[in-house]
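Asks: Structure supplied as work_6.json; contents: JSON, C-alpha atoms.
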[["chain", "number", "residue", "atom", "x", "y", "z"],
["P", 342, "MET", "CA", -55.66, -66.81, 36.41],
["P", 343, "THR", "CA", -57.38, -63.58, 37.28],
["P", 344, "HIS", "CA", -60.17, -61.78, 35.52],
["P", 345, "GLY", "CA", -61.41, -58.24, 35.48],
["P", 346, "ARG", "CA", -60.13, -54.87, 34.42],
["P", 347, "GLU", "CA", -56.47, -54.25, 33.74],
["P", 348, "ALA", "CA", -54.70, -52.83, 36.78],
["P", 349, "HIS", "CA", -53.57, -49.21, 36.59],
["P", 350, "PRO", "CA", -50.84, -47.55, 38.64],
["P", 351, "ALA", "CA", -52.26, -46.01, 41.79],
["P", 352, "GLU", "CA", -52.68, -42.26, 41.79],
["P", 353, "PRO", "CA", -50.11, -40.52, 44.02],
["P", 354, "THR", "CA", -51.46, -39.48, 47.39],
["P", 355, "THR", "CA", -51.13, -35.98, 48.81],
["P", 356, "ALA", "CA", -48.32, -37.25, 51.04],
["P", 357, "ASP", "CA", -46.49, -38.65, 47.99],
["P", 358, "VAL", "CA", -46.77, -35.30, 46.19],
["P", 359, "VAL", "CA", -45.50, -33.37, 49.22],
["P", 360, "ASP", "CA", -42.59, -35.78, 49.77],
["P", 361, "ALA", "CA", -41.49, -35.38, 46.13],
["P", 362, "VAL", "CA", -41.28, -31.56, 46.26],
["P", 363, "GLY", "CA", -38.00, -31.42, 48.22],
["P", 364, "PRO", "CA", -35.98, -33.67, 45.87],
["P", 365, "ARG", "CA", -37.48, -31.85, 42.88],
["P", 366, "LEU", "CA", -36.40, -28.47, 44.28],
["P", 367, "ARG", "CA", -32.91, -29.76, 45.01],
["P", 368, "ALA", "CA", -32.54, -31.27, 41.51],
["P", 369, "LEU", "CA", -33.81, -28.07, 39.86],
["P", 370, "ARG", "CA", -31.36, -25.92, 41.80],
["P", 371, "ALA", "CA", -28.49, -28.31, 41.00],
["P", 372, "ARG", "CA", -29.28, -28.19, 37.26],
["P", 373, "ARG", "CA", -29.18, -24.40, 37.35],
["P", 374, "GLY", "CA", -25.94, -24.38, 39.36],
["P", 375, "THR", "CA", -27.53, -22.07, 41.94],
["P", 376, "THR", "CA", -26.31, -21.99, 45.54],
["P", 377, "LEU", "CA", -28.65, -21.91, 48.51],
["P", 378, "ALA", "CA", -27.28, -18.49, 49.42],
["P", 379, "ALA", "CA", -28.01, -17.08, 45.94],
["P", 380, "LEU", "CA", -31.51, -18.56, 45.96],
["P", 381, "ALA", "CA", -32.14, -17.14, 49.44],
["P", 382, "GLU", "CA", -31.18, -13.67, 48.21],
["P", 383, "ARG", "CA", -33.53, -13.92, 45.21],
["P", 384, "THR", "CA", -36.52, -15.28, 47.13],
["P", 385, "GLY", "CA", -36.19, -13.74, 50.59],
["P", 386, "ILE", "CA", -36.39, -17.24, 52.09],
["P", 387, "SER", "CA", -33.64, -18.10, 54.57],
["P", 388, "VAL", "CA", -30.92, -20.60, 53.69],
["P", 389, "SER", "CA", -31.96, -22.85, 56.58],
["P", 390, "THR", "CA", -35.59, -22.93, 55.39],
["P", 391, "LEU", "CA", -34.52, -23.71, 51.82],
["P", 392, "SER", "CA", -32.27, -26.49, 53.07],
["P", 393, "ARG", "CA", -35.07, -28.01, 55.16],
["P", 394, "LEU", "CA", -37.47, -27.77, 52.21],
["P", 395, "GLU", "CA", -35.07, -29.69, 49.99],
["P", 396, "SER", "CA", -34.41, -32.34, 52.63],
["P", 397, "GLY", "CA", -38.11, -32.81, 53.36],
["P", 398, "GLN", "CA", -37.84, -31.51, 56.92],
["P", 399, "ARG", "CA", -40.08, -28.54, 56.09],
["P", 400, "LYS", "CA", -43.46, -28.92, 54.42],
["P", 401, "PRO", "CA", -43.83, -26.88, 51.23],
["P", 402, "THR", "CA", -46.48, -24.16, 51.38],
["P", 403, "LEU", "CA", -47.84, -21.85, 48.71],
["P", 404, "GLU", "CA", -46.10, -18.94, 50.47],
["P", 405, "LEU", "CA", -42.75, -20.69, 49.96],
["P", 406, "LEU", "CA", -43.34, -22.25, 46.55],
["P", 407, "LEU", "CA", -44.52, -19.10, 44.74],
["P", 408, "PRO", "CA", -41.25, -17.15, 45.14],
["P", 409, "LEU", "CA", -39.29, -20.33, 44.31],
["P", 410, "ALA", "CA", -41.27, -20.78, 41.08],
["P", 411, "ARG", "CA", -40.55, -17.16, 40.15],
["P", 412, "ALA", "CA", -36.85, -17.51, 40.98],
["P", 413, "HIS", "CA", -36.48, -20.68, 38.92],
["P", 414, "GLN", "CA", -38.78, -19.29, 36.19],
["P", 415, "VAL", "CA", -40.95, -22.41, 36.09],
["P", 416, "PRO", "CA", -44.72, -22.90, 36.48],
["P", 417, "LEU", "CA", -45.85, -23.76, 40.00],
["P", 418, "ASP", "CA", -47.17, -27.07, 38.63],
["P", 419, "ASP", "CA", -43.60, -28.10, 37.81],
["P", 420, "LEU", "CA", -42.56, -27.77, 41.45],
["P", 421, "VAL", "CA", -45.37, -29.94, 42.79],
["P", 422, "GLY", "CA", -45.36, -32.42, 39.91],
["P", 423, "ALA", "CA", -48.95, -31.82, 38.89],
["P", 424, "PRO", "CA", -50.10, -34.48, 36.40],
["P", 425, "ALA", "CA", -50.50, -33.46, 32.77],
["P", 426, "THR", "CA", -54.06, -32.81, 31.69],
["P", 427, "GLY", "CA", -53.56, -34.16, 28.18],
["P", 428, "ASP", "CA", -54.33, -30.74, 26.71],
["P", 429, "PRO", "CA", -51.41, -29.85, 24.38],
["P", 430, "ARG", "CA", -52.47, -26.24, 23.93],
["P", 431, "VAL", "CA", -50.18, -23.51, 25.22],
["P", 432, "HIS", "CA", -52.18, -20.89, 27.09],
["P", 433, "LEU", "CA", -50.64, -17.63, 25.94],
["P", 434, "LYS", "CA", -50.32, -14.73, 28.36],
["P", 435, "PRO", "CA", -49.17, -11.62, 26.51],
["P", 436, "GLU", "CA", -46.97, -9.17, 28.41],
["P", 437, "ARG", "CA", -46.57, -5.51, 27.55],
["P", 438, "ARG", "CA", -43.03, -4.18, 27.79],
["P", 439, "GLY", "CA", -42.96, -0.53, 26.81],
["P", 440, "GLY", "CA", -44.10, -0.32, 23.19],
["P", 441, "ARG", "CA", -43.85, -4.09, 22.74],
["P", 442, "VAL", "CA", -46.23, -6.98, 23.30],
["P", 443, "VAL", "CA", -44.41, -10.24, 24.06],
["P", 444, "ILE", "CA", -46.28, -13.55, 23.78],
["P", 445, "PRO", "CA", -44.56, -16.73, 25.03],
["P", 446, "LEU", "CA", -45.10, -19.69, 22.70],
["P", 447, "THR", "CA", -43.53, -22.34, 24.94],
["P", 448, "ARG", "CA", -43.59, -23.02, 28.68],
["P", 449, "ARG", "CA", -40.12, -24.49, 28.90],
["P", 450, "THR", "CA", -37.47, -22.58, 30.85],
["P", 451, "GLY", "CA", -34.39, -24.45, 29.68],
["P", 452, "GLY", "CA", -33.03, -24.94, 26.18],
["P", 453, "VAL", "CA", -34.60, -23.04, 23.29],
["P", 454, "ARG", "CA", -37.51, -20.76, 24.17],
["P", 455, "SER", "CA", -39.85, -19.14, 21.64],
["P", 456, "PHE", "CA", -41.83, -15.90, 21.66],
["P", 457, "LYS", "CA", -43.88, -13.74, 19.35],
["P", 458, "GLN", "CA", -43.36, -9.98, 19.55],
["P", 459, "LEU", "CA", -45.40, -7.05, 18.30],
["P", 460, "ILE", "CA", -43.30, -3.88, 18.21],
["P", 461, "ALA", "CA", -45.06, -0.51, 17.93],
["P", 462, "PRO", "CA", -44.14, 1.95, 15.16],
["P", 463, "HIS", "CA", -41.09, 4.11, 15.89],
["P", 464, "ASP", "CA", -40.37, 2.09, 19.00],
["P", 465, "HIS", "CA", -36.74, 2.93, 19.59],
["P", 466, "GLY", "CA", -37.09, 1.63, 23.12],
["P", 467, "THR", "CA", -36.23, 3.57, 26.22],
["P", 468, "ASP", "CA", -32.61, 2.56, 25.83],
["P", 469, "THR", "CA", -30.88, 2.01, 22.49],
["P", 470, "THR", "CA", -27.57, 1.09, 24.08],
["P", 471, "LEU", "CA", -26.05, -2.03, 22.53],
["P", 472, "LYS", "CA", -26.20, -4.91, 25.00],
["P", 473, "THR", "CA", -24.59, -8.31, 25.38],
["P", 474, "HIS", "CA", -25.66, -11.39, 27.32],
["P", 475, "GLU", "CA", -25.29, -15.16, 27.35],
["P", 476, "GLY", "CA", -26.99, -17.18, 24.63],
["P", 477, "TYR", "CA", -28.04, -17.26, 21.02],
["P", 478, "GLU", "CA", -30.91, -15.49, 19.26],
["P", 479, "TRP", "CA", -32.92, -16.25, 16.12],
["P", 480, "LEU", "CA", -35.46, -13.75, 14.72],
["P", 481, "TYR", "CA", -37.94, -14.14, 11.86],
["P", 482, "VAL", "CA", -39.88, -11.13, 10.56],
["P", 483, "LEU", "CA", -43.56, -11.92, 9.93],
["P", 484, "SER", "CA", -44.63, -8.40, 8.95],
["P", 485, "GLY", "CA", -43.36, -4.83, 9.06],
["P", 486, "ARG", "CA", -39.70, -3.82, 9.27],
["P", 487, "LEU", "CA", -37.17, -4.72, 11.95],
["P", 488, "ARG", "CA", -33.92, -2.89, 12.59],
["P", 489, "LEU", "CA", -30.99, -4.78, 14.07],
["P", 490, "VAL", "CA", -27.82, -3.06, 15.18],
["P", 491, "LEU", "CA", -25.18, -5.77, 15.49],
["P", 492, "GLY", "CA", -21.76, -4.56, 16.50],
["P", 493, "ASN", "CA", -20.73, -1.92, 13.95],
["P", 494, "GLU", "CA", -23.35, -2.91, 11.37],
["P", 495, "VAL", "CA", -27.02, -2.03, 10.94],
["P", 496, "PHE", "CA", -29.53, -4.31, 9.20],
["P", 497, "ASP", "CA", -33.10, -3.57, 8.09],
["P", 498, "LEU", "CA", -35.14, -6.77, 7.87],
["P", 499, "GLY", "CA", -38.43, -7.26, 6.04],
["P", 500, "PRO", "CA", -41.08, -10.01, 5.99],
["P", 501, "GLY", "CA", -39.61, -13.46, 5.47],
["P", 502, "GLU", "CA", -36.09, -12.44, 6.43],
["P", 503, "VAL", "CA", -34.17, -14.15, 9.21],
["P", 504, "VAL", "CA", -31.30, -13.20, 11.47],
["P", 505, "GLU", "CA", -29.42, -15.38, 13.94],
["P", 506, "PHE", "CA", -26.52, -14.30, 16.10],
["P", 507, "ASP", "CA", -24.42, -14.91, 19.17],
["P", 508, "THR", "CA", -25.71, -12.55, 21.85],
["P", 509, "HIS", "CA", -22.18, -11.97, 23.12],
["P", 510, "THR", "CA", -22.03, -9.55, 20.14],
["P", 511, "PRO", "CA", -23.27, -6.07, 21.19],
["P", 512, "HIS", "CA", -26.74, -5.65, 19.70],
["P", 513, "TRP", "CA", -30.03, -3.73, 19.69],
["P", 514, "VAL", "CA", -33.36, -4.62, 18.05],
["P", 515, "GLY", "CA", -36.21, -2.18, 17.37],
["P", 516, "ASN", "CA", -38.77, -0.76, 14.96],
["P", 517, "VAL", "CA", -38.04, 2.56, 13.25],
["P", 518, "SER", "CA", -40.81, 2.22, 10.62],
["P", 519, "ASP", "CA", -44.35, 3.63, 10.43],
["P", 520, "GLN", "CA", -46.09, 0.28, 10.96],
["P", 521, "VAL", "CA", -46.26, -2.43, 13.59],
["P", 522, "THR", "CA", -43.54, -5.04, 13.27],
["P", 523, "GLU", "CA", -44.39, -8.67, 14.05],
["P", 524, "ILE", "CA", -41.60, -11.16, 14.68],
["P", 525, "LEU", "CA", -40.96, -14.68, 15.95],
["P", 526, "CYS", "CA", -38.05, -15.06, 18.37],
["P", 527, "LEU", "CA", -36.10, -18.12, 19.49],
["P", 528, "TYR", "CA", -33.68, -17.80, 22.38],
["P", 529, "GLY", "CA", -31.16, -20.54, 23.01],
["P", 530, "PRO", "CA", -28.38, -21.09, 25.53],
["P", 531, "GLN", "CA", -25.68, -21.74, 22.96],
["P", 532, "GLY", "CA", -23.87, -18.87, 21.27],
["P", 533, "GLU", "CA", -23.13, -19.22, 17.57],
["P", 534, "ARG", "CA", -21.74, -17.05, 14.84],
["P", 535, "ALA", "CA", -24.22, -14.65, 13.23],
["P", 536, "HIS", "CA", -25.76, -15.49, 9.85],
["P", 537, "VAL", "CA", -27.66, -12.47, 8.50],
["P", 538, "ARG", "CA", -29.83, -12.62, 5.42],
["P", 539, "SER", "CA", -30.30, -8.91, 4.81],
["P", 540, "LYS", "CA", -28.36, -6.02, 3.32],
["P", 541, "PRO", "CA", -26.75, -3.67, 5.83],
["P", 542, "ALA", "CA", -28.42, -0.28, 6.17],
["P", 543, "ALA", "CA", -26.81, 3.03, 7.01],
["P", 544, "ARG", "CA", -26.25, 3.21, 10.74],
["P", 545, "PRO", "CA", -28.31, 5.97, 12.43],
["P", 546, "ASP", "CA", -26.44, 8.77, 14.17]]
As structure tokens, how would this structure be written, given the file I've shared?
Replies:
Amino acid sequence: MTHGREAHPAEPTTADVVDAVGPRLRALRARRGTTLAALAERTGISVSTLSRLESGQRKPTLELLLPLARAHQVPLDDLVGAPATGDPRVHLKPERRGGRVVIPLTRRTGGVRSFKQLIAPHDHGTDTTLKTHEGYEWLYVLSGRLRLVLGNEVFDLGPGEVVEFDTHTPHWVGNVSDQVTEILCLYGPQGERAHVRSKPAARPD
């Protein structure tokens, strides 16, 4: 019988952390279905270097990991397996995109992602062309007015109203009112049929 404090798993050494980077990079690329050639084009890192990184034959450096984190759209900590700090707070980093302020509300890169957007008055955007892309979108208006052009229909949404739609449908979202519009956005990988809870408005010329 032994006495003393309960044993805890040993903390990973620096060598353990480094050795785990290659398999983590390979698994991440496999989940995304990205080829080494495509990743090389996006990062500027040669295919041979990427291959050696994944196999553990090349030590990961900050110079190599930073472009890989950007290409995979994950925090650098995810690539090196940094331990969680126990702090559940999401540290928001607003980004300004034209007349819009976009605030990420989650750090995840796969599955459903959430954002808060502040859209300036009369922000028609630099391009009002209807666009399509993979995925599914859910929008909730917190304040102000939001205009959604979805296919051949136009919808004006007010506070408390929700719209969800398959982003394969040509669409455009903007603010044509005199006040700031504040919305919550969820973006998912699965396309679904649109369910709009708003009356169609007259489509602008």
Asks: Restricting the calculation to all atoms listed in the file, which member of P:Thr390, P:Gln414, P:Gln398, P:Thr510 is positioned closest to Asn493 of chain P?
Replies: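 Nearest to Asn493 of chain P: P:Thr510.
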Asks: Around the point (-36.5, 0.4, 10.5) (coordinates from the file), which residues reach within 9 Å if we count only C-alpha atoms? Answer as JSON, numbers by chain.
Replies: {"P": [463, 485, 486, 487, 488, 489, 496, 497, 498, 515, 516, 517, 518, 519]}
Asks: Which one of P:Leu480, P:Cys526, P:Val490, P:Leu366 sits closest to Val503 of chain P if you count all atoms listed in the file?
Replies: P:Leu480
Asks: Restricting the calculation to all atoms listed in the file: of P:Val495, P:His509, P:Ala412, P:Arg365, which residue gets closest to Glu382 of chain P?
Replies: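 Under the stated criterion, the closest residue is P:Ala412.
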Asks: Between atom CA of Pro408 of chain P and atom CA of Gly363 of chain P, what is the distance in Å, rounded to a tenth?
Replies: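 One can read the atom CA of Pro408 of chain P to atom CA of Gly363 of chain P distance as 15.0 Å.
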Asks: From the list P:Leu417, P:Leu525, P:Leu377, P:Leu446, which residue is nearest Leu403 of chain P when using only C-alpha atoms?
Replies: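 Using only C-alpha atoms, Leu403 of chain P sits closest to P:Leu417.
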Asks: Please identify all polymer residues within 9 Å of Leu459 of chain P, counting all atoms listed in the file, omitting same-chain residues fewer than 3 positions from it, and present them as a PDB file with C-alpha atoms, in the coordinates of the input.
Replies:
ATOM      1  CA  GLY P 440     -44.100  -0.320  23.190  1.00  0.00           C
ATOM      2  CA  ARG P 441     -43.850  -4.090  22.740  1.00  0.00           C
ATOM      3  CA  VAL P 442     -46.230  -6.980  23.300  1.00  0.00           C
ATOM      4  CA  VAL P 443     -44.410 -10.240  24.060  1.00  0.00           C
ATOM      5  CA  ILE P 444     -46.280 -13.550  23.780  1.00  0.00           C
ATOM      6  CA  VAL P 521     -46.260  -2.430  13.590  1.00  0.00           C
ATOM      7  CA  THR P 522     -43.540  -5.040  13.270  1.00  0.00           C
ATOM      8  CA  GLU P 523     -44.390  -8.670  14.050  1.00  0.00           C
ATOM      9  CA  ILE P 524     -41.600 -11.160  14.680  1.00  0.00           C
TER      10      ILE P 524
END
Asks: When distances are computed from all atoms listed in the file, which of P:Leu394, P:Glu475, P:Thr508, P:Val415 shows the smallest separation from Thr447 of chain P?
Replies: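 Looking at the shortest contact to Thr447 of chain P, the residue is P:Val415.
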Asks: Taking only C-alpha atoms into account, name the residue in P:Gly499, P:Pro435, P:Tyr528, P:Glu494 that is nearest to Glu478 of chain P.
Replies: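 The answer is P:Tyr528, which sits nearest to Glu478 of chain P.
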Asks: Can you work out the spacing between atom CA of Leu491 of chain P and atom CA of His512 of chain P in Å, to one decimal?
Replies: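 So the answer is 4.5 Å.
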Asks: Could you give me, as a PyMOL selection string, the residues that sit within 10 Å of (-34.9, -20.7, 50.1) in the file's coordinates, counting all atoms listed in the file?
Replies: chain P and resi 366+376-395+405-406+408-409+412
Asks: Produce a file of the selected residues containing C-alpha atoms, as an mmCIF file, in the coordinates of the input.
Replies:
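Output contents, as saved in again-v1.cif:
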data_model
loop_
_atom_site.group_PDB
_atom_site.id
_atom_site.type_symbol
_atom_site.label_atom_id
_atom_site.label_comp_id
_atom_site.auth_asym_id
_atom_site.auth_seq_id
_atom_site.Cartn_x
_atom_site.Cartn_y
_atom_site.Cartn_z
ATOM 1 C CA LEU P 366 -36.400 -28.470 44.280
ATOM 2 C CA THR P 376 -26.310 -21.990 45.540
ATOM 3 C CA LEU P 377 -28.650 -21.910 48.510
ATOM 4 C CA ALA P 378 -27.280 -18.490 49.420
ATOM 5 C CA ALA P 379 -28.010 -17.080 45.940
ATOM 6 C CA LEU P 380 -31.510 -18.560 45.960
ATOM 7 C CA ALA P 381 -32.140 -17.140 49.440
ATOM 8 C CA GLU P 382 -31.180 -13.670 48.210
ATOM 9 C CA ARG P 383 -33.530 -13.920 45.210
ATOM 10 C CA THR P 384 -36.520 -15.280 47.130
ATOM 11 C CA GLY P 385 -36.190 -13.740 50.590
ATOM 12 C CA ILE P 386 -36.390 -17.240 52.090
ATOM 13 C CA SER P 387 -33.640 -18.100 54.570
ATOM 14 C CA VAL P 388 -30.920 -20.600 53.690
ATOM 15 C CA SER P 389 -31.960 -22.850 56.580
ATOM 16 C CA THR P 390 -35.590 -22.930 55.390
ATOM 17 C CA LEU P 391 -34.520 -23.710 51.820
ATOM 18 C CA SER P 392 -32.270 -26.490 53.070
ATOM 19 C CA ARG P 393 -35.070 -28.010 55.160
ATOM 20 C CA LEU P 394 -37.470 -27.770 52.210
ATOM 21 C CA GLU P 395 -35.070 -29.690 49.990
ATOM 22 C CA LEU P 405 -42.750 -20.690 49.960
ATOM 23 C CA LEU P 406 -43.340 -22.250 46.550
ATOM 24 C CA PRO P 408 -41.250 -17.150 45.140
ATOM 25 C CA LEU P 409 -39.290 -20.330 44.310
ATOM 26 C CA ALA P 412 -36.850 -17.510 40.980
#
